[in-house]
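This report concerns only the one structure given below.
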Amino acid sequence: MNSPPAPLFAPTPFAAQARLAAVRPADYARTRNALDGAVTHLSPYITHGLLNLPQVLAHVLASAGQQQPLDLQHKFVFELGWREYFRHVWLHRGDGIFDSLHAGVLPDEAYAQSVPEDIRQARTGVPAIDTAVRTLYATGTLHNHARMWLASYVVHLRKVHWSAGAAWLYAHLLDGDLASNHLSWQWVASTASHKPYLFNATNVARYAPAEWHSPGSVIDTSYEALDRIARSSHAVASITRGEGVAEPSLHSAPPAGWPINKPCTAPQAADVVGRDVWLVHPWALGAPPASLPAGALCVAMCWKSFHTAWPWSGARWAFVGTRLASMAQVCWYGDAGELAQALRHARSVHTVADPHLTAQLKAMVSGSALSRPQVQAAPQLFAEVNTACTSFSNWFKRSTRASKTCADLPGLAAYPNPQAQLF
Ligand SMILES: Cc1cc2nc3c(=O)[nH]c(=O)nc-3n(C[C@H](O)[C@H](O)[C@H](O)COP(=O)(O)OP(=O)(O)OC[C@H]3O[C@@H](n4cnc5c(N)ncnc54)[C@H](O)[C@@H]3O)c2cc1C
């Protein structure tokens with residue numbers, strides 16, 4: 001097996017469309033667990049709203065055609081479901097997803113609160129981990145299996161609290177999503193599942209190219225031995241090896257790499273006075289809402305409160321900033337109060353919601369009453385489930401109860417002709 005080529009993510013609708021056109025659902029179902037399997041690499045586009053789940057499935061169904069209709073139980077549909085399930089949990093638990101959902105194999109206090117330097121610098125001496133960290137820094141993404149290995153090693157072998165690992169990984173991903181990321185770490189840690197997720201060198205050798213293989217390392221052992229380690233409060237010894245790699249710096253404001261032709265300023269009323277405003281933000285980089293008045297001014301907004309809590313790598317700022325600057329006439333970075341003040345002077349404001357910005361958009365709506373912001377709901381593929389579900393299977397059963405086939409999923413109603421309506 002050769003290493004998969006490093007995926008490149010251009011922040012453009014064309015690049016998103018090309019990724020979508022390349023999706024092969026049958027190959028995906030057969031090979032998705034392998035690091036060089038036919039996974040889609042759609043997540044940075046989905047996370048940042050260049051694509052939404054209804055668009056993705058509508059397009060894949062249209063490409064598959066009548067010859068190979070996709071079953072509701074298809075692996076690809078399930079995986080899109082996991083994304084929406086994690087959002088369902090976030091909606092019901094709120095900030096509770098940042099704490100352990102229930103007790104795990106050890107009490108929270110048994111784990112360290114920071115990720116050790118040798119892990120951050122890819123010098124653990126375990127090739128599967130060091131290659132994962134290098135890949136993460138170089139590409140801003142990581143295959144799902146590699147994310148599971150990395151999280152399992154960090155939590156169960158090195159005894160680092162899942163929340164510290166989650167914050168570190170989130171910051172370096174191009175597709176970092178607080179629900180998918182934090183709840184996946186909790187699933188690995190066993191605070192959102194019934195047992196710890198463990199992996200060994202044999203598992204790595206089965207699914208990854210040669211440079212990931214880790215014979216003779218701490219993970220080259222049985223599952224029984226790994227389970228004992230996970231349930232003991234002693235971390236495995238670190239055997240720091242090699243030169244490692246410098247961790248890319250993180251930024252809580254647009255860094256120097258932000259497109260220089262559109263510098264970010266604080267929100268200013270003068271920019272928008274009397275105008276219809278289409279407010280775009282890092283989670284809404286897609287097409288404008290159908291209800292947008294002609295001639296609306298596109299304004300890009302990044303909220304200081306969010307980015308101070310959750311800083312991003314320069315690569316993620318570049319991905320988001322390049323797209324925002326190509327869409328917007330004006331770019332703003334500031335707090336919710338400044339935004340609300342500025343928008344009071346607009347004629348109307350139109351934007352799309354996202355759970356990362358629930359508090360910020362609420363503050364915008366209540367503070368800029370004069371321009372009556374219209375906040376369109378974040379697009380959903382599956383039916384809303386009002387009861388809080390604690391398992392994916394329960395949520396999936398409920399959310400697809402009224403659907404016989406994929407085509408019946410409620411989110412698809414908005415995309416009767418996906419090829420024509422994509423962008
Ligand atoms: C520890 C850990 C952290 C993770 N952090 C994130 C994150 O921050 N953001 C993120 O989008 N996903 C996260 N995931 C889920 C998953 O790893 C990525 O969605 C997937 O690897 C993205 O690559 P892809 O687009 O090629 O996925 P594909 O396998 O091609 O799947 C297509 C789409 O389905 C969704 N999807 C697939 N698998 C999952 C899954 N297990 N959970 C949720 N959605 C899924 C994604 O939107 C993805 O783009 C995490 C998983 C783990 C184990």
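Ordering of the structure tokens sets the chain letters (A, B, ...); residue numbers start at 1 within each chain; ligands are numbered from 1 in the order shown.
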Contacts of Ala270 of chain A within 10 Å, only C-alpha atoms, excl. fewer than 3 positions in-chain, as a PyMOL selection string: chain A and resi 267+273-274+342-343+345-346
Contacts of ligand 1, 7 Å or closer, only C-alpha atoms and all ligand atoms, given as number ranges by chain: A: 32, 39-43, 46-47, 76, 79-80, 82-83, 86, 142-145, 147-148, 151, 170, 173, 175-178, 180-182, 184-185
Under the rule of at most 12 Å, produce a per-residue listing of segment 137-248 of chain A near segment 20-31 of chain A: chain, number, name, the closest pair of atoms, and the distance in Å, as a Markdown table, using only C-alpha atoms.
```
| residue | atom | partner | partner_atom | distance |
| --- | --- | --- | --- | --- |
| A:His145 | CA | A:Thr31 | CA | 11.8 |
| A:Arg206 | CA | A:Thr31 | CA | 11.9 |
| A:Tyr207 | CA | A:Thr31 | CA | 9.5 |
| A:Ala208 | CA | A:Thr31 | CA | 11.8 |
```
Contacts of His161 of chain A within 6 Å, only C-alpha atoms, excl. fewer than 5 positions in-chain, as a VMD selection string: chain A and resid 111 to 113 155
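Those residues that approach Ser114 of chain A to within 12 Å, counting only C-alpha atoms, are Arg120, Val154, Val155, Arg158, Lys159, Val160, His161, Trp162, Ser163, Ala164, Gly165, Ala166, Ala167 and Trp168 of chain A; same-chain residues fewer than 6 positions away are not listed.
Close contacts of Asp130 of chain A, defined as residues with an atom at most 9 Å away when counting only C-alpha atoms, with chain neighbours fewer than 6 positions off set aside, comprise A:Ile119, A:Arg120, A:Gln121, A:Ala122, A:Arg123, A:Thr124, A:Trp212, A:Gly244.
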Written selection (C-alpha atoms) as a PDB file, in the first residue's frame:
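Dumped everything to again.pdb:
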```pdb
ATOM      1  CA  ILE A 119       2.775  14.215  21.250  1.00  0.00           C
ATOM      2  CA  ARG A 120       2.396  17.793  19.998  1.00  0.00           C
ATOM      3  CA  GLN A 121       5.801  17.541  18.318  1.00  0.00           C
ATOM      4  CA  ALA A 122       5.294  14.062  16.797  1.00  0.00           C
ATOM      5  CA  ARG A 123       8.131  12.555  18.868  1.00  0.00           C
ATOM      6  CA  THR A 124       6.372   9.788  20.787  1.00  0.00           C
ATOM      7  CA  TRP A 212       2.290   4.092  10.083  1.00  0.00           C
ATOM      8  CA  GLY A 244       9.841  15.945  15.605  1.00  0.00           C
TER       9      GLY A 244
END
```
Distance query Val349 of chain A at most 10 Å, only C-alpha atoms, self and fewer than 5 positions along chain excluded, as an NGL selection string: :A and (272 or 275-279 or 292-293 or 296-299 or 343-344 or 365 or 368 or 371-375)
Neighbour list for His102 of chain A as number ranges by chain, cut-off 12 Å, only C-alpha atoms, skip fewer than 5 positions in-chain: A: 96-97, 107-108, 183, 186-187, 189-195, 390
Which of A:Val105, A:Ser232, A:His172, A:Leu370 sits closest to Val188 of chain A [using only C-alpha atoms]: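 For Val188 of chain A, the nearest of the given residues is A:Val105.
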In segment 202-334 of chain A, DSSP strand (DSSP E or B) residues written as number ranges by chain: A: 250-251, 264-265, 276-280, 297-303, 312-313, 330-334
Per residue of segment 302-353 of chain A within 12 Å of segment 49-66 of chain A, which atom pair is closest and at what distance in Å (one decimal), using only C-alpha atoms, listed by chain and increasing number, as CSV?
```
residue,atom,partner,partner_atom,distance
A:Phe319,CA,A:Leu50,CA,11.5
A:Val320,CA,A:Leu50,CA,10.4
A:Arg323,CA,A:Leu50,CA,9.4
A:Leu324,CA,A:Leu50,CA,10.9
A:Met327,CA,A:Leu50,CA,11.7
A:Val352,CA,A:Gly49,CA,9.4
A:Ala353,CA,A:Gly49,CA,10.4
```
Test item, alpha helix (DSSP H) assignment across segment 352-421 of chain A, answer as a ChimeraX atom specification: /A:358-367,392-399,418-421
Same residues, N, CA and C atoms, output as a PDB file, in the first residue's frame:
```
ATOM      1  N   THR A 358     -24.556  30.153  18.206  1.00  0.00           N
ATOM      2  CA  THR A 358     -25.897  30.338  18.777  1.00  0.00           C
ATOM      3  C   THR A 358     -25.966  31.607  19.631  1.00  0.00           C
ATOM      4  N   ALA A 359     -25.009  31.757  20.568  1.00  0.00           N
ATOM      5  CA  ALA A 359     -25.061  32.911  21.482  1.00  0.00           C
ATOM      6  C   ALA A 359     -24.813  34.210  20.707  1.00  0.00           C
ATOM      7  N   GLN A 360     -23.859  34.169  19.774  1.00  0.00           N
ATOM      8  CA  GLN A 360     -23.502  35.390  19.043  1.00  0.00           C
ATOM      9  C   GLN A 360     -24.663  35.869  18.169  1.00  0.00           C
ATOM     10  N   LEU A 361     -25.352  34.938  17.510  1.00  0.00           N
ATOM     11  CA  LEU A 361     -26.458  35.358  16.629  1.00  0.00           C
ATOM     12  C   LEU A 361     -27.663  35.825  17.446  1.00  0.00           C
ATOM     13  N   LYS A 362     -27.832  35.207  18.607  1.00  0.00           N
ATOM     14  CA  LYS A 362     -28.922  35.650  19.491  1.00  0.00           C
ATOM     15  C   LYS A 362     -28.676  37.107  19.922  1.00  0.00           C
ATOM     16  N   ALA A 363     -27.427  37.368  20.297  1.00  0.00           N
ATOM     17  CA  ALA A 363     -27.082  38.739  20.723  1.00  0.00           C
ATOM     18  C   ALA A 363     -27.256  39.718  19.557  1.00  0.00           C
ATOM     19  N   MET A 364     -26.942  39.275  18.345  1.00  0.00           N
ATOM     20  CA  MET A 364     -27.096  40.156  17.173  1.00  0.00           C
ATOM     21  C   MET A 364     -28.571  40.491  16.951  1.00  0.00           C
ATOM     22  N   VAL A 365     -29.411  39.454  17.055  1.00  0.00           N
ATOM     23  CA  VAL A 365     -30.842  39.675  16.803  1.00  0.00           C
ATOM     24  C   VAL A 365     -31.427  40.605  17.858  1.00  0.00           C
ATOM     25  N   SER A 366     -31.084  40.364  19.140  1.00  0.00           N
ATOM     26  CA  SER A 366     -31.716  41.207  20.161  1.00  0.00           C
ATOM     27  C   SER A 366     -31.131  42.611  20.165  1.00  0.00           C
ATOM     28  N   GLY A 367     -29.863  42.754  19.740  1.00  0.00           N
ATOM     29  CA  GLY A 367     -29.225  44.076  19.805  1.00  0.00           C
ATOM     30  C   GLY A 367     -29.451  44.956  18.592  1.00  0.00           C
ATOM     31  N   PHE A 392     -26.833   6.698  18.954  1.00  0.00           N
ATOM     32  CA  PHE A 392     -26.998   6.997  17.534  1.00  0.00           C
ATOM     33  C   PHE A 392     -28.118   6.151  16.950  1.00  0.00           C
ATOM     34  N   SER A 393     -28.174   4.856  17.301  1.00  0.00           N
ATOM     35  CA  SER A 393     -29.165   3.975  16.666  1.00  0.00           C
ATOM     36  C   SER A 393     -30.592   4.417  17.016  1.00  0.00           C
ATOM     37  N   ASN A 394     -30.791   4.833  18.242  1.00  0.00           N
ATOM     38  CA  ASN A 394     -32.113   5.314  18.649  1.00  0.00           C
ATOM     39  C   ASN A 394     -32.475   6.590  17.880  1.00  0.00           C
ATOM     40  N   TRP A 395     -31.511   7.504  17.797  1.00  0.00           N
ATOM     41  CA  TRP A 395     -31.759   8.756  17.055  1.00  0.00           C
ATOM     42  C   TRP A 395     -32.045   8.457  15.588  1.00  0.00           C
ATOM     43  N   PHE A 396     -31.248   7.562  14.977  1.00  0.00           N
ATOM     44  CA  PHE A 396     -31.401   7.278  13.549  1.00  0.00           C
ATOM     45  C   PHE A 396     -32.772   6.665  13.278  1.00  0.00           C
ATOM     46  N   LYS A 397     -33.176   5.748  14.157  1.00  0.00           N
ATOM     47  CA  LYS A 397     -34.487   5.092  13.999  1.00  0.00           C
ATOM     48  C   LYS A 397     -35.601   6.145  14.025  1.00  0.00           C
ATOM     49  N   ARG A 398     -35.514   7.031  14.995  1.00  0.00           N
ATOM     50  CA  ARG A 398     -36.565   8.060  15.127  1.00  0.00           C
ATOM     51  C   ARG A 398     -36.522   9.054  13.968  1.00  0.00           C
ATOM     52  N   SER A 399     -35.347   9.460  13.567  1.00  0.00           N
ATOM     53  CA  SER A 399     -35.271  10.523  12.551  1.00  0.00           C
ATOM     54  C   SER A 399     -35.620   9.999  11.159  1.00  0.00           C
ATOM     55  N   PRO A 418     -30.571  18.689  -7.914  1.00  0.00           N
ATOM     56  CA  PRO A 418     -29.313  19.041  -7.258  1.00  0.00           C
ATOM     57  C   PRO A 418     -28.239  19.553  -8.201  1.00  0.00           C
ATOM     58  N   GLN A 419     -28.193  19.046  -9.447  1.00  0.00           N
ATOM     59  CA  GLN A 419     -27.129  19.480 -10.361  1.00  0.00           C
ATOM     60  C   GLN A 419     -27.284  20.980 -10.650  1.00  0.00           C
ATOM     61  N   ALA A 420     -28.553  21.392 -10.862  1.00  0.00           N
ATOM     62  CA  ALA A 420     -28.802  22.781 -11.230  1.00  0.00           C
ATOM     63  C   ALA A 420     -28.647  23.718 -10.037  1.00  0.00           C
ATOM     64  N   GLN A 421     -28.925  23.217  -8.846  1.00  0.00           N
ATOM     65  CA  GLN A 421     -29.040  24.138  -7.714  1.00  0.00           C
ATOM     66  C   GLN A 421     -27.840  24.160  -6.778  1.00  0.00           C
TER      67      GLN A 421
END
```
Atom pair atom CA of Trp332 of chain A / atom CA of Arg316 of chain A: separation (Å):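 Atom CA of Trp332 of chain A sits 17.2 Å away from atom CA of Arg316 of chain A.
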Coordinates-based distance that separates atom CA of Thr139 of chain A from atom CA of Ser313 of chain A (Å, one decimal):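 Separation of atom CA of Ser313 of chain A and atom CA of Thr139 of chain A: 11.2 Å.
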Among listed residues A:Thr308, A:Thr221, A:Thr141, A:Ser233, nearest Leu250 of chain A (using only C-alpha atoms): A:Thr308
Nearest to Pro282 of chain A by atom-to-atom distance, counting only C-alpha atoms, from A:His48, A:His350, A:Lys404, A:Lys262: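 Checking each of A:His48, A:His350, A:Lys404, A:Lys262 against Pro282 of chain A, counting only C-alpha atoms, the winner is A:His48.
When only C-alpha atoms are used to measure the gap to Ala256 of chain A, the shortest distance among A:Ala336, A:Ala230, A:Ala315, A:Val115 belongs to A:Ala315.
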Option closest in space to Val133 of chain A, from A:Pro248, A:Pro263, A:Pro355, A:Pro13 [counting only C-alpha atoms]: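 Of all the options, A:Pro248 lies closest to Val133 of chain A.
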